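Colleague: mmCIF, C-alpha atoms and all ligand atoms, saved as final15.cif, coming up:
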```cif
data_coords
loop_
_atom_site.label_atom_id
_atom_site.label_comp_id
_atom_site.auth_asym_id
_atom_site.auth_seq_id
_atom_site.Cartn_x
_atom_site.Cartn_y
_atom_site.Cartn_z
CA MET V 250 -2.05 -243.73 -202.00
CA ASN V 251 1.37 -244.79 -203.18
CA LEU V 252 3.55 -242.48 -201.17
CA GLU V 253 6.78 -243.98 -202.47
CA ASN V 254 6.19 -242.22 -205.77
CA ARG V 255 4.91 -239.05 -204.33
CA ILE V 256 8.20 -237.32 -203.97
CA GLU V 257 11.02 -237.44 -206.41
CA ARG V 258 14.50 -236.63 -205.16
CA SER V 259 16.38 -237.18 -208.43
CA LYS V 260 17.82 -233.65 -208.69
CA SER V 261 19.00 -233.79 -205.09
CA ALA V 262 20.45 -237.23 -205.78
CA GLU V 263 22.32 -235.96 -208.84
CA LEU V 264 23.66 -232.91 -207.02
CA PHE V 265 24.75 -235.10 -204.14
CA GLU V 266 26.69 -237.38 -206.49
CA GLU V 267 28.41 -234.30 -207.89
CA ALA V 268 29.04 -232.85 -204.42
CA LYS V 269 30.89 -236.02 -203.46
CA LYS V 270 33.56 -235.03 -205.98
CA TYR V 271 34.14 -231.76 -204.21
CA PHE V 272 33.53 -232.32 -200.50
CA PRO V 273 34.28 -235.18 -198.12
CA GLY V 274 31.10 -237.26 -198.06
CA GLY V 275 29.55 -234.65 -200.35
CA VAL V 276 28.93 -232.24 -197.48
CA ASN V 277 30.50 -229.44 -195.50
CA SER V 278 29.15 -230.61 -192.15
CA PRO V 279 28.79 -234.34 -191.50
CA VAL V 280 25.22 -234.79 -190.24
CA ARG V 281 23.88 -233.22 -193.42
CA ALA V 282 24.87 -236.38 -195.31
CA PHE V 283 21.71 -238.30 -194.20
CA LYS V 284 23.85 -241.25 -193.12
CA SER V 285 21.53 -242.27 -190.31
CA VAL V 286 18.39 -242.02 -192.44
CA SER V 287 17.75 -243.07 -196.01
CA GLY V 288 18.28 -241.55 -199.44
CA PRO V 289 20.24 -238.51 -200.60
CA PRO V 290 20.13 -235.30 -198.56
CA LEU V 291 17.78 -232.63 -199.83
CA PHE V 292 19.44 -229.85 -201.75
CA VAL V 293 17.36 -226.86 -200.75
CA LYS V 294 17.07 -223.86 -203.02
CA ARG V 295 14.73 -221.52 -201.18
CA GLY V 296 12.76 -221.05 -198.02
CA TYR V 297 9.96 -218.83 -196.85
CA GLY V 298 8.26 -218.85 -193.48
CA CYS V 299 8.12 -222.37 -192.07
CA ARG V 300 8.61 -224.07 -195.44
CA PHE V 301 11.43 -224.70 -197.84
CA THR V 302 11.65 -226.05 -201.38
CA ASP V 303 14.20 -228.53 -202.65
CA GLU V 304 15.78 -228.72 -206.11
CA ASP V 305 13.08 -231.18 -207.20
CA ASP V 306 10.46 -228.57 -206.26
CA ASN V 307 9.16 -230.54 -203.31
CA LYS V 308 7.94 -228.36 -200.44
CA TYR V 309 8.39 -229.25 -196.79
CA ILE V 310 7.32 -227.87 -193.45
CA ASP V 311 10.73 -227.45 -191.86
CA PHE V 312 11.39 -228.37 -188.22
CA CYS V 313 15.18 -228.35 -188.54
CA CYS V 314 15.27 -224.58 -189.07
CA SER V 315 18.92 -224.63 -190.10
CA TRP V 316 19.66 -226.56 -186.87
CA GLY V 317 18.22 -223.86 -184.67
CA PRO V 318 19.11 -220.37 -185.91
CA LEU V 319 15.83 -219.73 -187.73
CA ILE V 320 13.55 -218.96 -184.81
CA LEU V 321 11.77 -216.49 -187.10
CA GLY V 322 11.49 -219.00 -189.93
CA HIS V 323 13.04 -218.71 -193.36
CA ASN V 324 13.60 -215.45 -195.14
CA HIS V 325 12.08 -213.13 -192.55
CA PRO V 326 11.34 -209.82 -194.33
CA ASN V 327 13.01 -207.64 -191.68
CA ILE V 328 16.20 -209.69 -191.71
CA ARG V 329 16.28 -209.74 -195.49
CA GLU V 330 15.77 -205.97 -195.75
CA SER V 331 18.31 -205.24 -193.06
CA VAL V 332 20.93 -207.40 -194.78
CA LEU V 333 20.23 -205.94 -198.22
CA LYS V 334 20.52 -202.40 -196.91
CA THR V 335 23.79 -203.13 -195.12
CA VAL V 336 25.34 -204.88 -198.11
CA THR V 337 24.89 -201.77 -200.28
CA TYR V 338 27.53 -200.02 -198.18
CA GLY V 339 30.07 -202.84 -198.34
CA THR V 340 30.48 -206.26 -196.78
CA SER V 341 33.41 -205.93 -194.38
CA PHE V 342 35.70 -203.19 -193.12
CA GLY V 343 37.82 -204.79 -190.43
CA THR V 344 36.93 -201.85 -188.19
CA PRO V 345 34.33 -201.41 -185.47
CA THR V 346 30.89 -200.43 -186.82
CA ARG V 347 27.82 -198.68 -185.44
CA LEU V 348 25.78 -201.83 -186.11
CA GLY V 349 27.97 -203.77 -183.72
CA ASN V 350 27.20 -201.24 -180.99
CA GLU V 351 23.49 -201.44 -181.70
CA ILE V 352 23.20 -205.19 -181.31
CA GLY V 353 25.63 -205.19 -178.39
CA GLN V 354 23.51 -202.63 -176.55
CA LEU V 355 20.23 -204.36 -177.35
CA ILE V 356 21.47 -207.70 -176.04
CA LEU V 357 23.16 -206.38 -172.92
CA ASP V 358 20.25 -204.10 -171.98
CA ASN V 359 17.97 -207.13 -171.98
CA ASN V 360 20.19 -209.76 -170.38
CA ARG V 361 20.84 -209.72 -166.62
CA PHE V 362 23.49 -212.44 -166.81
CA ILE V 363 26.29 -210.76 -168.78
CA ASP V 364 27.82 -207.27 -168.73
CA LYS V 365 29.98 -207.52 -171.81
CA ILE V 366 30.03 -209.60 -174.95
CA ARG V 367 32.57 -210.48 -177.67
CA PHE V 368 31.35 -211.49 -181.12
CA VAL V 369 32.98 -214.33 -183.04
CA SER V 370 31.87 -216.24 -186.13
CA SER V 371 30.58 -219.62 -184.94
CA GLY V 372 29.42 -221.51 -181.88
CA THR V 373 32.57 -223.60 -181.87
CA GLU V 374 34.70 -220.48 -181.84
CA ALA V 375 32.65 -219.05 -178.97
CA VAL V 376 33.16 -222.20 -176.89
CA MET V 377 36.85 -222.42 -177.70
CA SER V 378 37.31 -218.81 -176.63
CA ALA V 379 35.24 -219.27 -173.46
CA LEU V 380 37.45 -222.19 -172.41
CA ARG V 381 40.57 -220.14 -172.95
CA LEU V 382 39.07 -217.31 -170.97
CA ALA V 383 38.17 -219.64 -168.07
CA ARG V 384 41.70 -221.01 -168.07
CA GLY V 385 43.18 -217.52 -168.29
CA VAL V 386 41.08 -216.27 -165.38
CA THR V 387 41.64 -219.24 -163.06
CA GLY V 388 45.19 -220.18 -164.05
CA LYS V 389 43.99 -223.81 -164.07
CA SER V 390 43.75 -226.10 -167.07
CA LYS V 391 41.30 -228.96 -166.75
CA VAL V 392 37.68 -228.91 -167.87
CA ILE V 393 34.65 -230.93 -166.82
CA LYS V 394 32.07 -231.66 -169.49
CA PHE V 395 29.05 -233.96 -169.52
CA ASP V 396 28.34 -237.02 -171.58
CA GLY V 397 25.53 -236.10 -173.98
CA CYS V 398 26.46 -232.43 -174.34
CA TYR V 399 27.95 -231.13 -177.57
CA HIS V 400 30.05 -228.00 -177.65
CA GLY V 401 31.16 -227.74 -181.26
CA HIS V 402 34.26 -229.40 -182.69
CA VAL V 403 36.71 -227.97 -180.15
CA ASP V 404 39.66 -230.43 -179.78
CA SER V 405 39.51 -230.93 -176.05
CA LEU V 406 35.73 -231.32 -176.03
CA LEU V 407 35.42 -234.07 -178.66
CA VAL V 408 35.97 -236.44 -175.83
CA LYS V 409 34.10 -239.23 -174.10
CA ALA V 410 34.58 -240.77 -170.68
CA GLY V 411 37.55 -243.11 -170.40
CA SER V 412 36.70 -246.72 -169.68
CA GLY V 413 36.96 -248.35 -166.26
CA LEU V 414 38.80 -246.36 -163.67
CA ALA V 415 40.25 -243.79 -166.06
CA THR V 416 39.10 -240.34 -164.98
CA PHE V 417 40.25 -238.38 -167.99
CA GLY V 418 38.65 -238.40 -171.38
CA VAL V 419 39.52 -240.20 -174.58
CA SER V 420 38.94 -238.46 -177.89
CA THR V 421 36.01 -239.30 -180.15
CA SER V 422 37.74 -238.01 -183.28
CA ALA V 423 41.02 -238.88 -184.94
CA GLY V 424 43.55 -236.08 -184.90
CA ILE V 425 43.22 -235.11 -181.26
CA PRO V 426 46.38 -235.57 -179.19
CA ALA V 427 45.82 -237.72 -176.09
CA SER V 428 47.34 -234.89 -174.09
CA PHE V 429 44.44 -232.61 -175.12
CA ALA V 430 41.80 -235.21 -174.31
CA LYS V 431 43.42 -235.66 -170.90
CA GLU V 432 42.58 -232.08 -170.05
CA THR V 433 38.91 -233.03 -170.06
CA ILE V 434 36.96 -235.01 -167.48
CA VAL V 435 33.67 -236.38 -168.77
CA LEU V 436 30.90 -236.96 -166.25
CA PRO V 437 27.33 -238.24 -166.56
CA LEU V 438 24.56 -235.64 -166.45
CA ASN V 439 22.16 -235.56 -163.53
CA ASN V 440 24.59 -237.02 -160.99
CA PRO V 441 25.58 -234.67 -158.14
CA GLU V 442 27.50 -237.39 -156.22
CA ILE V 443 30.01 -238.13 -158.98
CA LEU V 444 30.37 -234.41 -159.55
CA GLU V 445 31.20 -233.77 -155.89
CA GLU V 446 33.70 -236.66 -155.79
CA THR V 447 35.46 -235.39 -158.91
CA LEU V 448 35.66 -231.84 -157.62
CA GLN V 449 37.03 -233.01 -154.28
CA LYS V 450 39.74 -234.92 -156.05
CA HIS V 451 40.62 -232.58 -158.92
CA GLY V 452 39.12 -229.20 -158.01
CA ASP V 453 42.56 -227.59 -157.75
CA ASP V 454 43.24 -228.37 -161.42
CA ILE V 455 39.80 -227.60 -162.83
CA ALA V 456 39.32 -224.28 -164.59
CA CYS V 457 35.68 -224.71 -165.53
CA ILE V 458 32.64 -226.86 -165.89
CA ILE V 459 30.92 -226.54 -169.25
CA ILE V 460 27.36 -227.69 -169.78
CA GLU V 461 24.51 -227.23 -172.18
CA PRO V 462 21.97 -226.16 -169.55
CA VAL V 463 19.35 -227.43 -171.98
CA PRO V 464 21.19 -230.41 -173.47
CA ALA V 465 19.79 -230.48 -177.01
CA ASN V 466 22.42 -232.05 -179.23
CA ASN V 467 22.06 -235.68 -178.25
CA GLY V 468 18.36 -235.81 -177.82
CA LEU V 469 16.79 -233.37 -175.40
CA LEU V 470 18.16 -234.48 -172.03
CA LEU V 471 16.31 -231.99 -169.84
CA GLN V 472 17.89 -231.72 -166.42
CA ASP V 473 16.21 -230.92 -163.14
CA LYS V 474 16.76 -227.33 -162.11
CA SER V 475 18.22 -228.70 -158.87
CA PHE V 476 21.12 -230.28 -160.76
CA LEU V 477 21.97 -226.99 -162.47
CA GLU V 478 21.75 -225.21 -159.11
CA CYS V 479 24.00 -227.83 -157.60
CA LEU V 480 26.55 -227.17 -160.36
CA ARG V 481 26.41 -223.47 -159.57
CA LEU V 482 27.02 -223.97 -155.87
CA LYS V 483 29.81 -226.49 -156.32
CA CYS V 484 31.59 -224.20 -158.76
CA TYR V 485 31.58 -221.44 -156.14
CA LYS V 486 32.78 -223.89 -153.52
CA TYR V 487 35.73 -225.17 -155.54
CA GLY V 488 36.78 -221.96 -157.31
CA VAL V 489 35.73 -223.31 -160.70
CA LEU V 490 34.04 -221.20 -163.39
CA LEU V 491 30.66 -222.31 -164.70
CA ILE V 492 30.17 -222.01 -168.46
CA PHE V 493 26.67 -222.29 -169.86
CA ASP V 494 27.00 -223.25 -173.51
CA GLU V 495 23.86 -221.58 -174.79
CA VAL V 496 24.64 -221.83 -178.48
CA ILE V 497 21.33 -223.67 -178.89
CA SER V 498 19.32 -222.53 -175.84
CA GLY V 499 20.35 -218.86 -175.98
CA PHE V 500 17.53 -216.67 -177.35
CA ARG V 501 15.55 -219.93 -177.78
CA VAL V 502 14.06 -220.82 -174.39
CA GLY V 503 13.73 -217.10 -173.69
CA PHE V 504 15.61 -213.93 -174.57
CA GLU V 505 17.98 -214.64 -171.67
CA GLY V 506 18.29 -218.28 -172.64
CA ALA V 507 18.56 -221.03 -170.05
CA ALA V 508 20.26 -218.70 -167.55
CA GLY V 509 17.04 -216.69 -167.50
CA TYR V 510 14.75 -219.70 -167.78
CA TYR V 511 16.26 -221.34 -164.68
CA ASN V 512 17.39 -218.08 -163.13
CA ILE V 513 20.93 -219.31 -162.57
CA GLN V 514 23.96 -217.05 -162.97
CA PRO V 515 26.79 -218.79 -164.83
CA ASP V 516 30.24 -217.18 -165.07
CA ILE V 517 30.54 -217.27 -168.84
CA ILE V 518 27.83 -217.80 -171.47
CA THR V 519 28.37 -218.77 -175.09
CA TYR V 520 25.93 -217.98 -177.89
CA GLY V 521 25.58 -218.83 -181.57
CA LYS V 522 22.83 -219.96 -183.92
CA ILE V 523 19.90 -217.54 -183.31
CA ILE V 524 22.17 -214.61 -182.46
CA GLY V 525 23.20 -214.29 -186.12
CA GLY V 526 19.70 -214.31 -187.62
CA GLY V 527 20.85 -217.01 -190.06
CA MET V 528 24.34 -215.60 -190.64
CA PRO V 529 27.55 -217.03 -189.11
CA VAL V 530 27.79 -215.40 -185.69
CA GLY V 531 28.80 -216.66 -182.28
CA ALA V 532 29.52 -214.77 -179.07
CA TYR V 533 30.60 -215.15 -175.50
CA GLY V 534 29.77 -212.93 -172.58
CA ALA V 535 30.45 -212.58 -168.87
CA SER V 536 30.78 -210.01 -166.09
CA HIS V 537 32.89 -206.86 -166.53
CA GLU V 538 35.49 -208.46 -164.32
CA ILE V 539 35.84 -211.69 -166.32
CA MET V 540 35.60 -209.98 -169.72
CA GLY V 541 38.37 -207.64 -168.52
CA HIS V 542 40.75 -210.57 -169.07
CA VAL V 543 40.07 -210.59 -172.84
CA SER V 544 42.53 -208.84 -175.16
CA PRO V 545 43.14 -205.97 -175.66
CA ASP V 546 41.98 -205.20 -172.08
CA GLY V 547 43.61 -208.30 -170.67
CA PRO V 548 46.06 -211.13 -171.41
CA VAL V 549 43.65 -213.72 -172.92
CA TYR V 550 44.20 -213.42 -176.66
CA GLN V 551 41.26 -213.88 -179.01
CA ALA V 552 40.67 -212.27 -182.40
CA GLY V 553 38.80 -212.64 -185.71
CA THR V 554 39.17 -211.11 -189.17
CA LEU V 555 35.44 -211.26 -189.81
CA SER V 556 34.24 -210.99 -186.19
CA ALA V 557 31.16 -208.75 -185.87
CA ASN V 558 30.97 -208.61 -189.65
CA PRO V 559 28.47 -205.82 -190.45
CA VAL V 560 26.25 -207.93 -192.72
CA ALA V 561 26.04 -210.65 -190.10
CA MET V 562 25.43 -208.06 -187.38
CA SER V 563 22.59 -206.52 -189.36
CA ALA V 564 20.92 -209.92 -189.67
CA GLY V 565 21.40 -210.60 -185.96
CA LEU V 566 20.14 -207.15 -185.00
CA ALA V 567 16.95 -207.52 -187.07
CA ALA V 568 16.35 -210.94 -185.50
CA VAL V 569 17.00 -209.88 -181.93
CA LYS V 570 14.59 -206.94 -182.28
CA GLU V 571 11.78 -209.35 -183.19
CA LEU V 572 12.54 -211.53 -180.19
CA LEU V 573 11.95 -208.58 -177.90
CA GLN V 574 8.34 -208.15 -179.07
CA PRO V 575 5.88 -208.63 -176.19
CA ASP V 576 4.90 -212.27 -175.54
CA PHE V 577 7.15 -213.57 -178.31
CA TYR V 578 8.37 -216.55 -176.29
CA GLU V 579 5.04 -217.25 -174.56
CA ASN V 580 3.25 -217.51 -177.90
CA LEU V 581 5.96 -219.69 -179.39
CA ALA V 582 5.93 -222.06 -176.41
CA GLN V 583 2.14 -222.22 -176.37
CA LYS V 584 1.76 -223.23 -179.97
CA THR V 585 4.57 -225.75 -179.61
CA THR V 586 2.86 -227.31 -176.59
CA LYS V 587 -0.41 -227.63 -178.51
CA PHE V 588 1.40 -229.24 -181.45
CA ILE V 589 3.34 -231.67 -179.27
CA GLN V 590 0.31 -232.60 -177.18
CA SER V 591 -1.77 -233.45 -180.22
CA ILE V 592 0.91 -235.91 -181.38
CA GLN V 593 1.33 -237.31 -177.88
CA GLN V 594 -2.42 -237.85 -177.56
CA HIS V 595 -2.55 -239.76 -180.82
CA CYS V 596 0.33 -241.99 -179.73
CA ASP V 597 -1.21 -242.58 -176.30
CA GLN V 598 -4.58 -243.49 -177.79
CA LYS V 599 -2.96 -246.00 -180.10
CA GLY V 600 -0.74 -247.36 -177.36
CA TYR V 601 2.54 -246.45 -179.05
CA ASP V 602 5.64 -246.19 -176.87
CA VAL V 603 6.38 -242.58 -177.73
CA ASN V 604 7.26 -239.69 -175.51
CA MET V 605 7.45 -236.22 -177.00
CA VAL V 606 9.90 -234.18 -174.94
CA GLN V 607 9.54 -230.40 -175.07
CA ILE V 608 10.93 -227.21 -173.63
CA GLY V 609 9.74 -223.93 -175.13
CA SER V 610 9.94 -224.32 -178.91
CA ILE V 611 12.38 -227.27 -178.85
CA PHE V 612 11.07 -230.82 -179.08
CA TRP V 613 12.40 -234.35 -179.37
CA VAL V 614 10.69 -237.57 -180.39
CA THR V 615 11.60 -240.56 -178.19
CA PHE V 616 10.47 -244.14 -178.71
CA THR V 617 10.10 -245.01 -175.05
CA LYS V 618 7.87 -244.03 -172.16
CA ASP V 619 10.83 -243.43 -169.85
CA ARG V 620 12.12 -239.98 -169.04
CA ILE V 621 15.60 -239.75 -170.55
CA MET V 622 18.04 -237.55 -168.66
CA GLU V 623 21.39 -239.13 -169.46
CA ALA V 624 23.03 -239.97 -172.77
CA ASP V 625 23.39 -243.69 -172.08
CA GLN V 626 19.66 -244.11 -171.49
CA ILE V 627 19.03 -243.63 -175.22
CA ASP V 628 18.44 -246.99 -176.87
CA PRO V 629 20.36 -247.04 -180.19
CA LYS V 630 17.76 -249.50 -181.52
CA SER V 631 15.07 -246.82 -181.28
CA MET V 632 16.88 -245.10 -184.13
CA ASP V 633 15.47 -247.73 -186.52
CA LYS V 634 12.03 -246.36 -185.73
CA PHE V 635 13.23 -242.82 -186.26
CA LYS V 636 14.56 -243.79 -189.66
CA VAL V 637 11.12 -244.98 -190.75
CA LEU V 638 9.50 -241.88 -189.28
CA HIS V 639 11.92 -239.60 -191.10
CA HIS V 640 11.33 -241.35 -194.40
CA GLU V 641 7.54 -241.28 -194.05
CA LEU V 642 7.66 -237.59 -193.17
CA LEU V 643 9.77 -236.71 -196.19
CA GLN V 644 7.17 -238.47 -198.35
CA ARG V 645 4.50 -236.28 -196.78
CA GLY V 646 6.39 -232.99 -196.92
CA VAL V 647 7.63 -232.63 -193.36
CA TYR V 648 11.34 -232.18 -192.69
CA LEU V 649 13.03 -233.18 -189.44
CA GLY V 650 16.78 -233.10 -188.93
CA PRO V 651 18.17 -236.35 -190.41
CA SER V 652 18.97 -238.15 -187.13
CA GLY V 653 16.96 -239.34 -184.18
CA TYR V 654 19.50 -237.73 -181.88
CA GLU V 655 18.54 -234.31 -183.22
CA VAL V 656 15.86 -232.11 -181.74
CA GLY V 657 13.22 -230.23 -183.73
CA PHE V 658 12.46 -226.53 -183.61
CA VAL V 659 9.21 -224.64 -184.00
CA SER V 660 9.62 -221.10 -185.32
CA HIS V 661 7.54 -217.96 -185.10
CA ALA V 662 6.63 -218.60 -188.74
CA HIS V 663 4.90 -221.91 -188.01
CA GLN V 664 1.25 -220.86 -187.90
CA ALA V 665 -1.51 -222.86 -186.21
CA ALA V 666 -2.65 -224.31 -189.55
CA ASP V 667 0.92 -225.37 -190.47
CA LEU V 668 1.31 -227.09 -187.12
CA GLU V 669 -2.03 -228.88 -187.46
CA GLU V 670 -1.05 -230.08 -190.92
CA ALA V 671 2.35 -231.23 -189.64
CA ALA V 672 0.88 -232.95 -186.57
CA GLN V 673 -1.55 -234.88 -188.72
CA LYS V 674 1.28 -236.03 -191.00
CA ILE V 675 3.42 -237.00 -188.04
CA CYS V 676 0.53 -239.04 -186.59
CA GLU V 677 0.00 -240.79 -189.95
CA SER V 678 3.72 -241.54 -190.10
CA MET V 679 3.70 -242.88 -186.54
CA ASP V 680 0.97 -245.29 -187.65
CA VAL V 681 3.36 -246.58 -190.32
CA VAL V 682 6.27 -246.78 -187.86
CA PHE V 683 4.23 -248.91 -185.45
CA ALA V 684 2.50 -251.00 -188.15
CA GLY V 685 5.82 -252.61 -189.08
C1 LIG V 701 25.65 -225.86 -182.49
C2 LIG V 701 26.34 -225.86 -181.20
C3 LIG V 701 27.72 -225.60 -181.07
C4 LIG V 701 28.60 -225.39 -182.27
O1 LIG V 701 28.23 -224.25 -183.01
P1 LIG V 701 28.75 -224.13 -184.52
O2 LIG V 701 28.24 -222.80 -184.96
O3 LIG V 701 28.16 -225.29 -185.25
O4 LIG V 701 30.23 -224.19 -184.47
C5 LIG V 701 28.28 -225.53 -179.81
N1 LIG V 701 27.53 -225.72 -178.72
C6 LIG V 701 26.21 -226.00 -178.78
C7 LIG V 701 25.44 -226.18 -177.52
C8 LIG V 701 25.58 -226.10 -180.02
O5 LIG V 701 24.28 -226.39 -180.08
#
```
Show me this structure written as structure tokens.
Ligand SMILES: *Cc1c(COP(=O)(O)O)cnc(C)c1O

Modeller:
Amino acid sequence: MNLENRIERSKSAELFEEAKKYFPGGVNSPVRAFKSVSGPPLFVKRGYGCRFTDEDDNKYIDFCCSWGPLILGHNHPNIRESVLKTVTYGTSFGTPTRLGNEIGQLILDNNRFIDKIRFVSSGTEAVMSALRLARGVTGKSKVIKFDGCYHGHVDSLLVKAGSGLATFGVSTSAGIPASFAKETIVLPLNNPEILEETLQKHGDDIACIIIEPVPANNGLLLQDKSFLECLRLKCYKYGVLLIFDEVISGFRVGFEGAAGYYNIQPDIITYGKIIGGGMPVGAYGASHEIMGHVSPDGPVYQAGTLSANPVAMSAGLAAVKELLQPDFYENLAQKTTKFIQSIQQHCDQKGYDVNMVQIGSIFWVTFTKDRIMEADQIDPKSMDKFKVLHHELLQRGVYLGPSGYEVGFVSHAHQAADLEEAAQKICESMDVVFAG
């Protein structure tokens, strides 16, 4: 079978050429540009369930799921109906709405880790606000983050560890003043000793530690629970707030996110992605006491013209209701495990150096047998293999996010038959990857 000719991407290619006239790199978010894989990005025109269709009418089983939000798959009927109904009454009022109360109540009634929540419009905005809140509460300014965790495009968090003896970060993007980057200390994951040393030295200046408790933006760097517990204890010890950035793990590894999964109480939690049911929503939450610092109750200013937009709230509400169905997360994790194991078995039988990492419905393909827990353990050369895999999968109608540093997501809409079909295609593609 000549797979090269099986899919045609000419309409996507044409649209991409046109898009380059309008948008930097032809996109409105950089990783969409397919720079680390080959060919033009897909221009997608519709999705239903676990599949979407591009402008050339190719269909794909989608494991990117809009980078995480679509835990119910594309175009879930309840979300669609809820949005359509809400839109008939208007799209935005700039006032509180009953819908906001409904989703607020539903989330807080089912989450032991936060008492109050504030809605914003993106994950980045949630993180930015959480940092300000931590600084406002503690009166301190510095932040510890971990190499390999992504927290949106917040100035002071687009930072990597300084070289040599430098403790404070250096920015990874142009346009960030050195003075902002200096507010951030970047540490390796999974290393309690360095953490303790840093806190001993700088604890008096550190407002908060921010971590993705399930680091899923630079591969899936699953940490031992003991490291997360250690973070918790050290934060208490040094008067530092612990922020769990759960923009990806929130409502994904369980309704209560990673806080619930590991049963660890952070001080502030950020949400995004799933919480909006496919619409632009972010949020941050904490105890009554900490949230009491947020304006208008307290002195930490934070606002948003379209915050808790009713259309977005109605999408989020419809989504969150589904997540509360009995056994929702157990079923999702079970079918993901079956899917991942079937690929792993194939690779093991053939002797391929592949390790499929999984937690709940998140997975990551690694081209090594080693367990990867820190960012610098990822071999950049393995990305050549991912590139071939990605290409072969597109030819066969399976869509992964266009970078080997990205994780995949299984949704409620991926049925057993879809996952069997996808697993078979992934195994075939692995054969091509390792034939070369
Ligand atoms: C996606 C993500 C963000 C940024 O959210 P946006 O909605 O893209 O601004 C922040 N933190 C984590 C952990 C994320 O996964």

Colleague: Check which residues fall inside 7 Å of ligand LIG 701 (chain V) when counting all atoms listed in the file, and print them as an NGL selection string.

Modeller: :V and (371-374 or 376 or 399-402 or 461 or 465-466 or 494-497 or 521-522 or 531)

Colleague: Could you list, as an MDAnalysis selection string, every residue within 12 Å of Glu304 of chain V, counting all atoms listed in the file and ignoring same-chain residues fewer than 4 positions away?

Modeller: chainID V and resid 256:265 290:296 308:309

Colleague: Considering all atoms listed in the file, tabulate each residue of segment 539-582 of chain V that lies at most 9 Å from segment 659-670 of chain V along with its nearest interatomic pair and the corresponding distance in Å to one decimal; arrange the rows by chain and ascending residue number and present them as a tab-separated table.

Modeller:
```
residue	atom	partner	partner_atom	distance
V:Phe577	CA	V:His661	CA	8.1
V:Tyr578	CA	V:His661	CA	9.0
V:Asn580	CA	V:His661	CA	8.4
V:Leu581	CA	V:His661	CA	6.2
V:Ala582	CA	V:Val659	CA	8.7
```

Colleague: Go ahead and compute the interatomic distance for atom CA of Cys676 of chain V and atom CA of Leu471 of chain V, in Å to one decimal.

Modeller: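 Distance reported for this atom pair: 24.1 Å.
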
Colleague: Which is closer to Ser563 of chain V than all the others in V:Glu579, V:Asp454, V:Glu505, V:Glu330, using only C-alpha atoms?

Modeller: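 Using only C-alpha atoms, the shortest distance to Ser563 of chain V belongs to V:Glu330.
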
Colleague: In Å, with one decimal, what is the gap from atom CA of Gln551 of chain V to atom CA of Leu357 of chain V?

Modeller: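 Interatomic distance, atom CA of Gln551 of chain V to atom CA of Leu357 of chain V: 20.5 Å.
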
Colleague: From the options V:Pro289, V:Gly600, V:Gly468, V:Gly527, which residue's atoms come nearest to Ala564 of chain V, counting all atoms listed in the file?

Modeller: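 Selected residue with least distance to Ala564 of chain V: V:Gly527.
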
Colleague: List every residue of segment 512-570 of chain V that has an atom at most 12 Å from any atom of segment 478-489 of chain V, giving for each one its closest atom pair and the distance in Å to one decimal, counting only C-alpha atoms, sorted by chain and then by ascending residue number, as a tab-separated table.

Modeller:
```
residue	atom	partner	partner_atom	distance
V:Asn512	CA	V:Glu478	CA	9.3
V:Ile513	CA	V:Glu478	CA	6.9
V:Gln514	CA	V:Arg481	CA	7.7
V:Pro515	CA	V:Arg481	CA	7.1
V:Asp516	CA	V:Arg481	CA	9.2
V:Ile517	CA	V:Val489	CA	11.4
```

Colleague: Suppose we keep C-alpha atoms; can you now write the selection as an mmCIF file, in the frame of the given file?

Modeller:
```cif
data_model
loop_
_atom_site.group_PDB
_atom_site.id
_atom_site.type_symbol
_atom_site.label_atom_id
_atom_site.label_comp_id
_atom_site.auth_asym_id
_atom_site.auth_seq_id
_atom_site.Cartn_x
_atom_site.Cartn_y
_atom_site.Cartn_z
ATOM 1 C CA ASN V 512 17.390 -218.080 -163.130
ATOM 2 C CA ILE V 513 20.930 -219.310 -162.570
ATOM 3 C CA GLN V 514 23.960 -217.050 -162.970
ATOM 4 C CA PRO V 515 26.790 -218.790 -164.830
ATOM 5 C CA ASP V 516 30.240 -217.180 -165.070
ATOM 6 C CA ILE V 517 30.540 -217.270 -168.840
#
```

Colleague: So which residues touch segment 609-619 of chain V within 8 Å, counting only C-alpha atoms, skipping near sequence neighbours fewer than 4 positions away, as a ChimeraX atom specification?

Modeller: /V:468-469,501-502,578,581-583,585-586,589,602-605,631,634,653,655-660

Colleague: Would you please work out which residue, of V:Ala624, V:Ala508, V:Ile523, V:Leu491, is nearest to Leu319 of chain V when using only C-alpha atoms?

Modeller: V:Ile523

Colleague: Build an axis-aligned box that encloses every atom of segment 502-510 of chain V listed in the file, pad it by 5 Å on each side, and report its centre and edge lengths in Å to one decimal, as JSON.

Modeller:
```
{"center_x": 17.0, "center_y": -217.5, "center_z": -171.0, "size_x": 16.5, "size_y": 17.1, "size_z": 17.1}
```

Colleague: Go ahead and compute the interatomic distance for atom CA of Phe588 of chain V and atom CA of Ala672 of chain V, in Å to one decimal.

Modeller: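 Calculated distance between atom CA of Phe588 of chain V and atom CA of Ala672 of chain V is 6.3 Å.
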
Colleague: For Gly553 of chain V, work out the shell of residues within 12 Å, counting only C-alpha atoms and skipping chain neighbours fewer than 4 positions away, then give it as a list in words.

Modeller: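 Once the nearby chain positions are removed, what remains is Gly343, Thr344, Arg367, Phe368, Val369, Ser370, Ser371, Glu374, Ala375, Ser378, Val530, Gly531, Ala532, Ser544, Ala557 and Asn558 of chain V.
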
Colleague: Got a sec to check which residues sit within 12 Å of (23.9, -206.1, -173.9), counting all atoms listed in the file, and write them as a ChimeraX atom specification?

Modeller: /V:349-368,504-505,532-537,566,569
